[in-house]
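Shown next: final-v1.cif, containing mmCIF, C-alpha atoms and all ligand atoms.
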data_final
loop_
_atom_site.label_atom_id
_atom_site.label_comp_id
_atom_site.auth_asym_id
_atom_site.auth_seq_id
_atom_site.Cartn_x
_atom_site.Cartn_y
_atom_site.Cartn_z
CA MET I 1 191.37 141.98 39.52
CA PHE I 2 188.53 142.44 37.02
CA THR I 3 184.91 142.99 37.97
CA LYS I 4 182.13 142.33 35.46
CA THR I 5 179.84 145.35 35.25
CA LEU I 6 176.43 146.08 33.75
CA ALA I 7 175.15 149.08 31.79
CA PHE I 8 171.50 150.08 31.25
CA ASP I 9 171.37 148.32 27.88
CA ASP I 10 172.68 145.06 29.37
CA VAL I 11 169.54 144.58 31.46
CA LEU I 12 165.76 144.41 31.26
CA LEU I 13 163.06 144.12 33.87
CA ARG I 14 161.05 140.92 33.69
CA PRO I 15 157.32 141.74 33.38
CA ARG I 16 155.25 140.65 36.40
CA TYR I 17 151.57 140.09 37.14
CA SER I 18 149.87 143.48 37.42
CA ASP I 19 146.58 144.72 38.82
CA ILE I 20 147.32 148.37 38.00
CA VAL I 21 144.29 149.52 36.04
CA THR I 22 145.32 153.10 35.29
CA ARG I 23 148.65 154.94 35.40
CA LYS I 24 147.04 157.20 38.02
CA ASP I 25 147.28 154.29 40.48
CA VAL I 26 151.06 154.70 40.40
CA ASP I 27 152.69 157.09 42.89
CA LEU I 28 156.15 158.36 41.86
CA SER I 29 156.66 160.73 44.78
CA VAL I 30 159.88 161.00 46.74
CA GLU I 31 160.53 162.93 49.96
CA ILE I 32 163.54 165.23 49.72
CA GLY I 33 163.26 167.03 53.06
CA THR I 34 162.10 170.33 51.56
CA PRO I 35 158.61 171.72 52.25
CA ARG I 36 157.21 169.89 49.20
CA SER I 37 157.93 166.35 48.05
CA MET I 38 158.76 165.60 44.42
CA ARG I 39 155.90 164.07 42.39
CA LEU I 40 158.26 163.06 39.59
CA PRO I 41 161.72 161.72 40.56
CA ILE I 42 163.65 163.88 38.10
CA PHE I 43 166.31 166.55 38.53
CA ALA I 44 167.31 168.72 35.57
CA SER I 45 171.10 168.85 35.34
CA PRO I 46 172.93 172.10 36.25
CA MET I 47 174.32 172.63 32.76
CA ASP I 48 174.35 175.82 30.68
CA THR I 49 172.55 174.21 27.73
CA VAL I 50 169.88 172.64 29.95
CA MET I 51 168.99 174.93 32.83
CA SER I 52 167.15 178.23 32.56
CA VAL I 53 164.48 179.99 34.62
CA PRO I 54 161.63 178.69 32.41
CA MET I 55 163.15 175.19 32.56
CA ALA I 56 163.25 175.31 36.39
CA ILE I 57 159.61 176.41 36.50
CA ARG I 58 158.36 173.79 34.00
CA VAL I 59 160.30 170.96 35.68
CA PHE I 60 158.84 172.00 39.04
CA ASP I 61 155.34 172.15 37.51
CA ALA I 62 155.82 168.56 36.33
CA GLY I 63 156.83 167.47 39.86
CA GLY I 64 160.63 167.41 39.47
CA ARG I 65 163.30 169.94 40.40
CA GLY I 66 165.68 172.04 38.34
CA ILE I 67 169.19 172.92 39.51
CA LEU I 68 170.39 176.36 38.41
CA HIS I 69 173.95 176.10 37.09
CA ARG I 70 176.91 177.87 38.69
CA TYR I 71 178.60 179.17 35.54
CA CYS I 72 177.81 182.82 36.21
CA SER I 73 178.33 185.43 38.92
CA ILE I 74 176.65 185.01 42.32
CA ASP I 75 174.39 187.97 41.48
CA GLU I 76 173.30 186.40 38.19
CA GLN I 77 172.56 183.04 39.82
CA VAL I 78 170.63 184.73 42.66
CA GLU I 79 168.67 186.80 40.14
CA ALA I 80 167.75 183.65 38.19
CA LEU I 81 166.62 182.03 41.43
CA MET I 82 164.45 185.03 42.37
CA CYS I 83 162.86 184.93 38.89
CA CYS I 84 161.63 181.40 39.65
CA GLU I 85 159.29 182.95 42.36
CA THR I 86 157.19 180.17 43.76
CA ALA I 87 158.76 177.19 42.22
CA GLU I 88 160.98 175.11 44.54
CA VAL I 89 164.42 175.28 42.85
CA PHE I 90 167.90 173.96 43.65
CA ALA I 91 171.15 175.76 42.80
CA ALA I 92 174.66 174.45 42.15
CA VAL I 93 177.98 175.55 43.66
CA GLY I 94 181.55 174.35 43.20
CA VAL I 95 184.22 173.88 45.89
CA THR I 96 186.70 176.65 45.05
CA GLY I 97 186.65 180.45 44.98
CA ASP I 98 183.36 182.01 46.06
CA TRP I 99 181.54 178.69 46.54
CA PHE I 100 180.67 179.16 50.24
CA ASP I 101 179.41 182.74 49.90
CA ARG I 102 177.52 181.65 46.79
CA ALA I 103 175.77 178.86 48.69
CA LEU I 104 174.76 181.19 51.53
CA ALA I 105 173.54 183.87 49.11
CA LEU I 106 171.45 181.28 47.24
CA VAL I 107 169.92 179.94 50.42
CA ASP I 108 169.18 183.48 51.65
CA SER I 109 167.38 184.03 48.35
CA GLY I 110 165.20 180.96 48.78
CA ALA I 111 167.05 178.01 47.20
CA ALA I 112 165.30 174.79 48.28
CA GLY I 113 168.54 172.86 47.88
CA ILE I 114 172.23 173.31 47.20
CA CYS I 115 174.07 170.93 44.88
CA ILE I 116 177.84 170.64 45.28
CA ASP I 117 178.57 170.00 41.63
CA VAL I 118 181.99 168.40 41.07
CA ALA I 119 183.05 165.75 38.54
CA HIS I 120 185.06 163.68 41.06
CA GLY I 121 183.07 163.97 44.26
CA HIS I 122 184.99 161.34 46.23
CA HIS I 123 187.58 163.95 47.03
CA LYS I 124 188.75 165.66 50.19
CA THR I 125 187.72 169.15 49.04
CA VAL I 126 184.18 167.92 48.35
CA LEU I 127 183.95 166.12 51.69
CA SER I 128 185.11 169.27 53.44
CA ALA I 129 182.60 171.39 51.49
CA VAL I 130 179.75 169.03 52.46
CA GLU I 131 180.78 169.19 56.14
CA GLN I 132 180.96 172.98 56.08
CA LEU I 133 177.62 173.42 54.33
CA LYS I 134 175.89 170.85 56.50
CA HIS I 135 176.58 173.11 59.48
CA ALA I 136 175.76 176.32 57.67
CA LEU I 137 172.49 175.41 55.90
CA PRO I 138 169.17 175.91 57.67
CA LEU I 139 166.98 172.87 58.32
CA GLY I 140 164.75 172.07 55.36
CA VAL I 141 167.38 173.04 52.76
CA HIS I 142 168.48 169.93 50.89
CA LEU I 143 172.22 169.28 50.44
CA MET I 144 173.16 167.28 47.34
CA ALA I 145 176.75 166.34 46.46
CA GLY I 146 178.63 164.35 43.85
CA ASN I 147 179.51 162.78 41.58
CA VAL I 148 180.67 159.38 42.73
CA ALA I 149 180.89 155.97 41.08
CA THR I 150 181.42 153.67 44.07
CA LEU I 151 179.85 152.67 47.37
CA ASN I 152 182.92 154.04 49.22
CA GLY I 153 182.41 157.40 47.55
CA PHE I 154 178.67 157.38 48.28
CA ASP I 155 179.18 156.48 51.94
CA ALA I 156 181.89 159.12 52.39
CA LEU I 157 179.59 161.92 51.16
CA ALA I 158 176.63 160.54 53.14
CA GLU I 159 178.78 160.35 56.29
CA ALA I 160 179.92 163.95 55.72
CA GLY I 161 176.26 165.02 55.76
CA ALA I 162 174.88 164.95 52.20
CA ASP I 163 171.12 164.42 51.95
CA SER I 164 171.55 163.02 48.45
CA VAL I 165 174.46 161.91 46.28
CA ARG I 166 174.73 162.02 42.48
CA VAL I 167 175.89 158.63 41.27
CA GLY I 168 177.61 158.23 37.90
CA VAL I 169 181.06 159.13 36.61
CA GLY I 170 181.76 159.48 32.91
CA GLY I 171 178.44 158.04 31.68
CA GLY I 172 176.79 161.23 30.41
CA SER I 173 175.97 161.53 26.72
CA ILE I 174 178.39 164.46 26.34
CA CYS I 175 181.12 163.06 28.67
CA SER I 176 184.59 162.16 27.53
CA THR I 177 186.00 161.52 31.02
CA ARG I 178 186.40 157.80 30.43
CA ILE I 179 188.17 158.42 27.10
CA GLN I 180 190.48 161.08 28.56
CA THR I 181 191.21 159.48 31.93
CA GLY I 182 190.41 155.78 31.64
CA HIS I 183 188.24 156.09 34.76
CA GLY I 184 184.56 155.51 35.40
CA VAL I 185 181.94 152.85 36.03
CA PRO I 186 178.79 152.22 33.96
CA THR I 187 176.11 154.29 35.70
CA PHE I 188 173.73 151.34 36.13
CA GLN I 189 176.48 149.38 37.90
CA SER I 190 177.28 152.34 40.16
CA VAL I 191 173.60 152.58 41.11
CA LEU I 192 173.46 148.86 41.95
CA GLU I 193 176.60 149.20 44.08
CA CYS I 194 175.66 152.44 45.87
CA SER I 195 172.16 151.14 46.61
CA GLN I 196 173.85 148.83 49.12
CA SER I 197 174.60 151.81 51.34
CA GLU I 198 173.16 151.76 54.82
CA TYR I 199 173.16 155.54 55.10
CA ASP I 200 169.87 157.40 55.06
CA CYS I 201 170.87 159.33 51.96
CA LEU I 202 169.04 159.60 48.64
CA LEU I 203 170.66 158.13 45.54
CA ILE I 204 170.42 160.20 42.34
CA ALA I 205 171.39 158.24 39.20
CA ASP I 206 173.16 160.66 36.85
CA GLY I 207 174.60 160.26 33.37
CA GLY I 208 173.67 158.10 30.40
CA ILE I 209 169.91 158.03 30.94
CA LYS I 210 168.47 158.02 27.41
CA ASN I 211 164.76 157.28 27.86
CA SER I 212 162.05 156.54 30.43
CA GLY I 213 163.01 152.85 30.29
CA ASP I 214 166.46 153.70 31.65
CA ILE I 215 164.79 155.76 34.39
CA VAL I 216 162.67 152.77 35.44
CA LYS I 217 165.78 150.55 35.44
CA ALA I 218 167.69 153.10 37.57
CA LEU I 219 164.82 153.34 40.08
CA ALA I 220 164.45 149.55 40.23
CA ALA I 221 168.21 149.22 40.81
CA GLY I 222 167.94 151.46 43.89
CA ALA I 223 167.92 155.10 42.74
CA ASP I 224 165.47 157.42 44.51
CA ALA I 225 165.54 159.83 41.57
CA VAL I 226 167.50 160.49 38.39
CA MET I 227 169.27 163.47 36.89
CA ILE I 228 168.95 164.10 33.18
CA GLY I 229 170.66 166.38 30.67
CA SER I 230 170.29 165.17 27.09
CA MET I 231 166.62 164.24 27.52
CA LEU I 232 165.85 167.92 28.25
CA ALA I 233 168.33 169.46 25.81
CA GLY I 234 166.90 170.88 22.59
CA THR I 235 163.58 171.81 24.19
CA THR I 236 162.07 175.29 23.90
CA GLU I 237 163.11 176.08 27.49
CA SER I 238 166.77 174.96 27.20
CA PRO I 239 169.12 177.93 26.71
CA GLY I 240 170.80 178.65 23.40
CA GLU I 241 169.85 179.84 19.98
CA VAL I 242 168.03 177.74 17.44
CA ILE I 243 170.41 176.93 14.57
CA THR I 244 168.76 176.66 11.18
CA ASN I 245 170.33 175.49 7.95
CA PRO I 246 168.54 174.99 4.63
CA GLY I 247 167.26 171.47 4.07
CA VAL I 248 167.95 170.14 7.60
CA PRO I 249 165.81 170.25 10.75
CA PRO I 250 166.62 173.02 13.28
CA VAL I 251 168.95 172.19 16.18
CA LYS I 252 170.34 173.59 19.45
CA VAL I 253 173.74 173.08 21.10
CA TYR I 254 174.05 170.60 23.98
CA ARG I 255 177.50 170.50 25.57
CA GLY I 256 179.37 169.00 28.51
CA MET I 257 180.36 171.52 31.17
CA ALA I 258 183.94 170.22 30.94
CA SER I 259 184.00 170.60 27.15
CA PRO I 260 186.51 173.12 25.78
CA GLU I 261 183.56 175.15 24.39
CA ALA I 262 181.85 175.50 27.79
CA GLN I 263 185.10 176.25 29.63
CA VAL I 264 186.12 178.93 27.14
CA ALA I 265 182.65 180.49 27.39
CA TRP I 266 182.76 180.72 31.18
CA ARG I 267 186.47 181.04 32.01
CA GLY I 268 187.99 182.32 28.80
CA LYS I 269 190.25 179.26 28.53
CA TYR I 270 190.21 175.52 29.08
CA SER I 271 192.46 173.26 31.07
CA SER I 272 191.19 169.68 31.10
CA ASN I 273 188.97 168.44 28.27
CA GLU I 274 186.40 165.96 29.55
CA GLY I 275 183.34 166.75 27.51
CA VAL I 276 182.08 167.41 24.01
CA SER I 277 179.76 169.91 22.35
CA ARG I 278 177.12 168.67 19.92
CA THR I 279 173.86 169.79 18.37
CA VAL I 280 170.54 168.09 19.10
CA PRO I 281 167.23 168.34 17.23
CA LEU I 282 164.60 170.79 18.50
CA LYS I 283 161.99 169.00 20.61
CA GLY I 284 159.39 171.68 21.39
CA PRO I 285 158.09 172.58 24.87
CA VAL I 286 159.69 170.66 27.73
CA ALA I 287 156.27 170.09 29.31
CA SER I 288 155.51 167.54 26.54
CA THR I 289 158.87 165.80 27.08
CA LEU I 290 158.25 165.62 30.83
CA TYR I 291 154.69 164.38 30.27
CA GLU I 292 156.00 161.56 28.08
CA ILE I 293 158.67 160.67 30.65
CA ASP I 294 156.10 160.65 33.45
CA LYS I 295 153.79 158.37 31.43
CA GLY I 296 156.68 156.06 30.52
CA ILE I 297 157.78 155.61 34.14
CA ARG I 298 154.22 154.95 35.29
CA SER I 299 153.80 152.36 32.54
CA GLY I 300 157.09 150.82 33.65
CA LEU I 301 155.86 150.38 37.22
CA SER I 302 152.66 148.87 35.88
CA TYR I 303 154.65 146.24 33.93
CA SER I 304 156.27 145.28 37.24
CA GLY I 305 152.85 145.26 38.94
CA VAL I 306 153.90 147.83 41.58
CA ARG I 307 152.40 151.08 42.80
CA ASN I 308 155.43 153.06 43.96
CA ILE I 309 159.22 153.23 43.78
CA ARG I 310 159.86 151.36 47.06
CA GLU I 311 157.67 148.49 45.86
CA LEU I 312 159.50 148.51 42.51
CA GLN I 313 162.84 148.16 44.29
CA ALA I 314 161.53 145.33 46.48
CA LYS I 315 159.73 143.29 43.83
CA SER I 316 161.22 143.95 40.40
CA GLU I 317 163.42 141.35 38.77
CA PHE I 318 166.32 142.12 36.42
CA ILE I 319 167.52 139.86 33.65
CA THR I 320 170.62 140.39 31.53
CA GLN I 321 170.31 140.40 27.76
CA THR I 322 172.73 139.38 25.03
CA SER I 323 173.71 141.77 22.24
CA ALA I 324 171.08 140.00 20.07
CA GLY I 325 168.53 140.68 22.82
CA ALA I 326 169.61 144.33 23.04
CA LYS I 327 169.17 144.62 19.27
CA GLU I 328 165.67 143.14 19.52
CA SER I 329 164.90 145.54 22.42
CA SER I 330 165.46 148.62 20.29
CA THR I 331 163.21 149.35 17.32
CA HIS I 332 164.68 147.34 14.48
CA ILE I 333 162.47 147.52 11.44
CA ASP I 334 164.32 147.89 8.14
CA GLY I 335 163.56 150.57 5.59
P1 LIG I 401 173.16 162.94 30.11
O1 LIG I 401 173.53 161.54 29.68
O2 LIG I 401 171.83 163.01 30.80
O3 LIG I 401 174.27 163.31 31.20
O4 LIG I 401 173.26 163.92 28.99
C1 LIG I 401 174.23 164.49 31.95
C2 LIG I 401 175.27 164.41 33.05
O5 LIG I 401 176.60 164.41 32.49
C3 LIG I 401 177.52 164.95 33.46
N1 LIG I 401 178.33 165.96 32.77
C4 LIG I 401 179.59 165.75 32.35
N2 LIG I 401 180.40 164.68 32.53
N3 LIG I 401 182.06 165.78 31.25
C5 LIG I 401 181.65 164.70 31.97
O6 LIG I 401 182.40 163.73 32.11
C6 LIG I 401 181.31 166.89 31.05
O7 LIG I 401 181.71 167.82 30.36
C7 LIG I 401 180.01 166.87 31.64
N4 LIG I 401 179.00 167.78 31.66
C8 LIG I 401 177.99 167.20 32.36
C9 LIG I 401 176.68 165.53 34.60
O8 LIG I 401 176.71 164.60 35.67
C10 LIG I 401 175.29 165.62 33.97
O9 LIG I 401 174.24 165.60 34.92
#

Structure encoded using structure tokens:
Amino acid sequence: MFTKTLAFDDVLLRPRYSDIVTRKDVDLSVEIGTPRSMRLPIFASPMDTVMSVPMAIRVFDAGGRGILHRYCSIDEQVEALMCCETAEVFAAVGVTGDWFDRALALVDSGAAGICIDVAHGHHKTVLSAVEQLKHALPLGVHLMAGNVATLNGFDALAEAGADSVRVGVGGGSICSTRIQTGHGVPTFQSVLECSQSEYDCLLIADGGIKNSGDIVKALAAGADAVMIGSMLAGTTESPGEVITNPGVPPVKVYRGMASPEAQVAWRGKYSSNEGVSRTVPLKGPVASTLYEIDKGIRSGLSYSGVRNIRELQAKSEFITQTSAGAKESSTHIDG
């Protein structure tokens, strides 16, 4: 059986009558069950070329949340968390080895949320980890889990007790999961499917989000928030040295956490190879990137004539576009 699926670039939102006079009339907030709600529905991905202490602080300042990655010792991750002081920050754990002690240590040190960060989240070890942490975490600490690509996967993690689920398998800019394994679903399609869930569980669209337009599409399709990696990579606050070569603009490395390069760096060897390592141009301070994203999303809601994300989901109207339409939708001037 074959199912036709849609990716971000296959769709557009049809503009609607608007009475939004200024972008300030648009409210992008989302409740995540922690003491403070998010003002910008964006999580920074727990990757070693994205997340740092300054990144977590700047993303929080902009209204989103950063998730400290788990590719370090418990002490190092706790220390990073403590350095974030007042900012509400999430932290990632796996499902093997020290994961449970790590989660408890992070919560004891003030993590606002724990993210169970696994490539194939519709898995018995992940379900068991969610169940265990659900009982162990104090009230007010958010429990995120993933990643899944299907409604069955989403519902299984929600049923196990996740407060939010990362939706998207193999769609990230640095992913090679679909090439290596033949598995995955276009992230936009997964969001559409998982938004049918009846569980009271937030949907985080993750992987393949290239611009604020994709964020608006993900929110309109049913996501409560998005997770981004490449959009934040190459900023001043992303970890890694600036690479300069004569005659070309400076760059930084952005790599998948399942790339051979990342695995060798953290484990001394690699087993599976489901990601790539690339360089991206330097972008400057992340605050400017986040400001542009925030403006773009607000503009997007204004084109749909809606004042908040719930209204966007209720009223927006998708159309599909042909490849000629997709070409017209991207800048296409010659020369
Ligand atoms: P973007 O498109 O924002 O995607 O750069 C970031 C998301 O990609 C996922 N991720 C990976 N997926 N192999 C994968 O298949 C990897 O090595 C890898 N590293 C990160 C993750 O969900 C992240 O948020």

Exercise. Show me as a list in words the residues that reach within 9 Å of (168.2, 177.8, 50.3), counting all atoms listed in the file and using the file's own coordinates.
Key: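 Here the neighbourhood of the point contains Val89, Phe90, Ala91, Ala103, Leu104, Ala105, Leu106, Val107, Asp108, Ser109, Gly110, Ala111, Ala112, Gly113, Ile114, Leu137, Pro138, Gly140, Val141 and His142 of chain I.
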
Return the padded bounding box of ligand LIG 401 (chain I) as lines of an AutoDock Vina configuration file: axis-aligned, built from all atoms listed in the file, 5 Å added on each side, with centre and edge lengths in Å to one decimal.
center_x = 177.1
center_y = 164.7
center_z = 32.3
size_x = 20.6
size_y = 16.3
size_z = 16.7

Practice problem: Could you give me, as a list of chain:residue names, the residues that have an atom at most 7 Å away from the point (160.5, 171.1, 30.0) in the coordinates of the file, using all atoms listed in the file? | Solution: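 Residues close enough to count: I:Met55, I:Arg58, I:Val59, I:Leu232, I:Thr235, I:Glu237, I:Pro285, I:Val286, I:Ala287, I:Thr289, I:Leu290.
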
Find the nearest atom pair between each residue of range 54-149 of chain I and range 30-47 of chain I for residues within 6 Å, count all atoms listed in the file, give distances in Å to one decimal, sort rows by chain and ascending number, and present the table as a Markdown table.
| residue | atom | partner | partner_atom | distance |
| --- | --- | --- | --- | --- |
| I:Gly63 | CA | I:Arg39 | CA | 4.3 |
| I:Gly64 | CA | I:Ile42 | CA | 4.8 |
| I:Arg65 | CA | I:Phe43 | CA | 4.9 |
| I:Gly66 | CA | I:Ala44 | CA | 4.6 |
| I:Ile67 | CA | I:Pro46 | CA | 5.0 |
| I:Leu68 | CA | I:Pro46 | CA | 5.4 |
| I:His69 | CA | I:Pro46 | CA | 4.2 |
| I:Gly140 | CA | I:Thr34 | CA | 4.9 |

Report as a PDB file with C-alpha atoms, keeping the file's coordinate frame all protein, DNA and RNA residues lying within 9 Å of Asp19 in chain I, evaluated on all atoms listed in the file, omitting residues in the same chain fewer than 6 positions from it.
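Writing the result to selection_15.pdb gives the following:
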ATOM      1  CA  SER I 302     152.660 148.870  35.880  1.00  0.00           C
ATOM      2  CA  GLY I 305     152.850 145.260  38.940  1.00  0.00           C
ATOM      3  CA  VAL I 306     153.900 147.830  41.580  1.00  0.00           C
TER       4      VAL I 306
END

Selection within 8 Å of ligand LIG 401 (chain I) by all atoms listed in the file, output as an mmCIF file with C-alpha atoms, keeping the file's coordinate frame:
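Written file, pocket.cif:
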data_model
loop_
_atom_site.group_PDB
_atom_site.id
_atom_site.type_symbol
_atom_site.label_atom_id
_atom_site.label_comp_id
_atom_site.auth_asym_id
_atom_site.auth_seq_id
_atom_site.Cartn_x
_atom_site.Cartn_y
_atom_site.Cartn_z
ATOM 1 C CA ALA I 44 167.310 168.720 35.570
ATOM 2 C CA SER I 45 171.100 168.850 35.340
ATOM 3 C CA PRO I 46 172.930 172.100 36.250
ATOM 4 C CA MET I 47 174.320 172.630 32.760
ATOM 5 C CA ALA I 119 183.050 165.750 38.540
ATOM 6 C CA ASN I 147 179.510 162.780 41.580
ATOM 7 C CA ARG I 166 174.730 162.020 42.480
ATOM 8 C CA GLY I 168 177.610 158.230 37.900
ATOM 9 C CA VAL I 169 181.060 159.130 36.610
ATOM 10 C CA GLY I 170 181.760 159.480 32.910
ATOM 11 C CA GLY I 171 178.440 158.040 31.680
ATOM 12 C CA GLY I 172 176.790 161.230 30.410
ATOM 13 C CA SER I 173 175.970 161.530 26.720
ATOM 14 C CA ILE I 174 178.390 164.460 26.340
ATOM 15 C CA CYS I 175 181.120 163.060 28.670
ATOM 16 C CA SER I 176 184.590 162.160 27.530
ATOM 17 C CA THR I 177 186.000 161.520 31.020
ATOM 18 C CA ARG I 178 186.400 157.800 30.430
ATOM 19 C CA ASP I 206 173.160 160.660 36.850
ATOM 20 C CA GLY I 207 174.600 160.260 33.370
ATOM 21 C CA GLY I 208 173.670 158.100 30.400
ATOM 22 C CA ILE I 209 169.910 158.030 30.940
ATOM 23 C CA LYS I 210 168.470 158.020 27.410
ATOM 24 C CA MET I 227 169.270 163.470 36.890
ATOM 25 C CA ILE I 228 168.950 164.100 33.180
ATOM 26 C CA GLY I 229 170.660 166.380 30.670
ATOM 27 C CA SER I 230 170.290 165.170 27.090
ATOM 28 C CA MET I 231 166.620 164.240 27.520
ATOM 29 C CA ARG I 255 177.500 170.500 25.570
ATOM 30 C CA GLY I 256 179.370 169.000 28.510
ATOM 31 C CA MET I 257 180.360 171.520 31.170
ATOM 32 C CA ALA I 258 183.940 170.220 30.940
ATOM 33 C CA SER I 259 184.000 170.600 27.150
ATOM 34 C CA ASN I 273 188.970 168.440 28.270
ATOM 35 C CA GLU I 274 186.400 165.960 29.550
ATOM 36 C CA GLY I 275 183.340 166.750 27.510
ATOM 37 C CA VAL I 276 182.080 167.410 24.010
#

Practice problem: Would you mind listing what lies within 7 Å of Ser212 in chain I as a list of chain:residue names, with all atoms listed in the file counted and same-chain residues fewer than 3 positions away left out? | Solution: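 Answer for this query is I:Ile215, I:Val216, I:Ile293, I:Gly296, I:Ile297.
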
Quiz item: CA of Ile204 in chain I and CA of Asp163 in chain I, how far apart in Å?
Solution: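 One can read the CA of Asp163 in chain I to CA of Ile204 in chain I distance as 10.5 Å.
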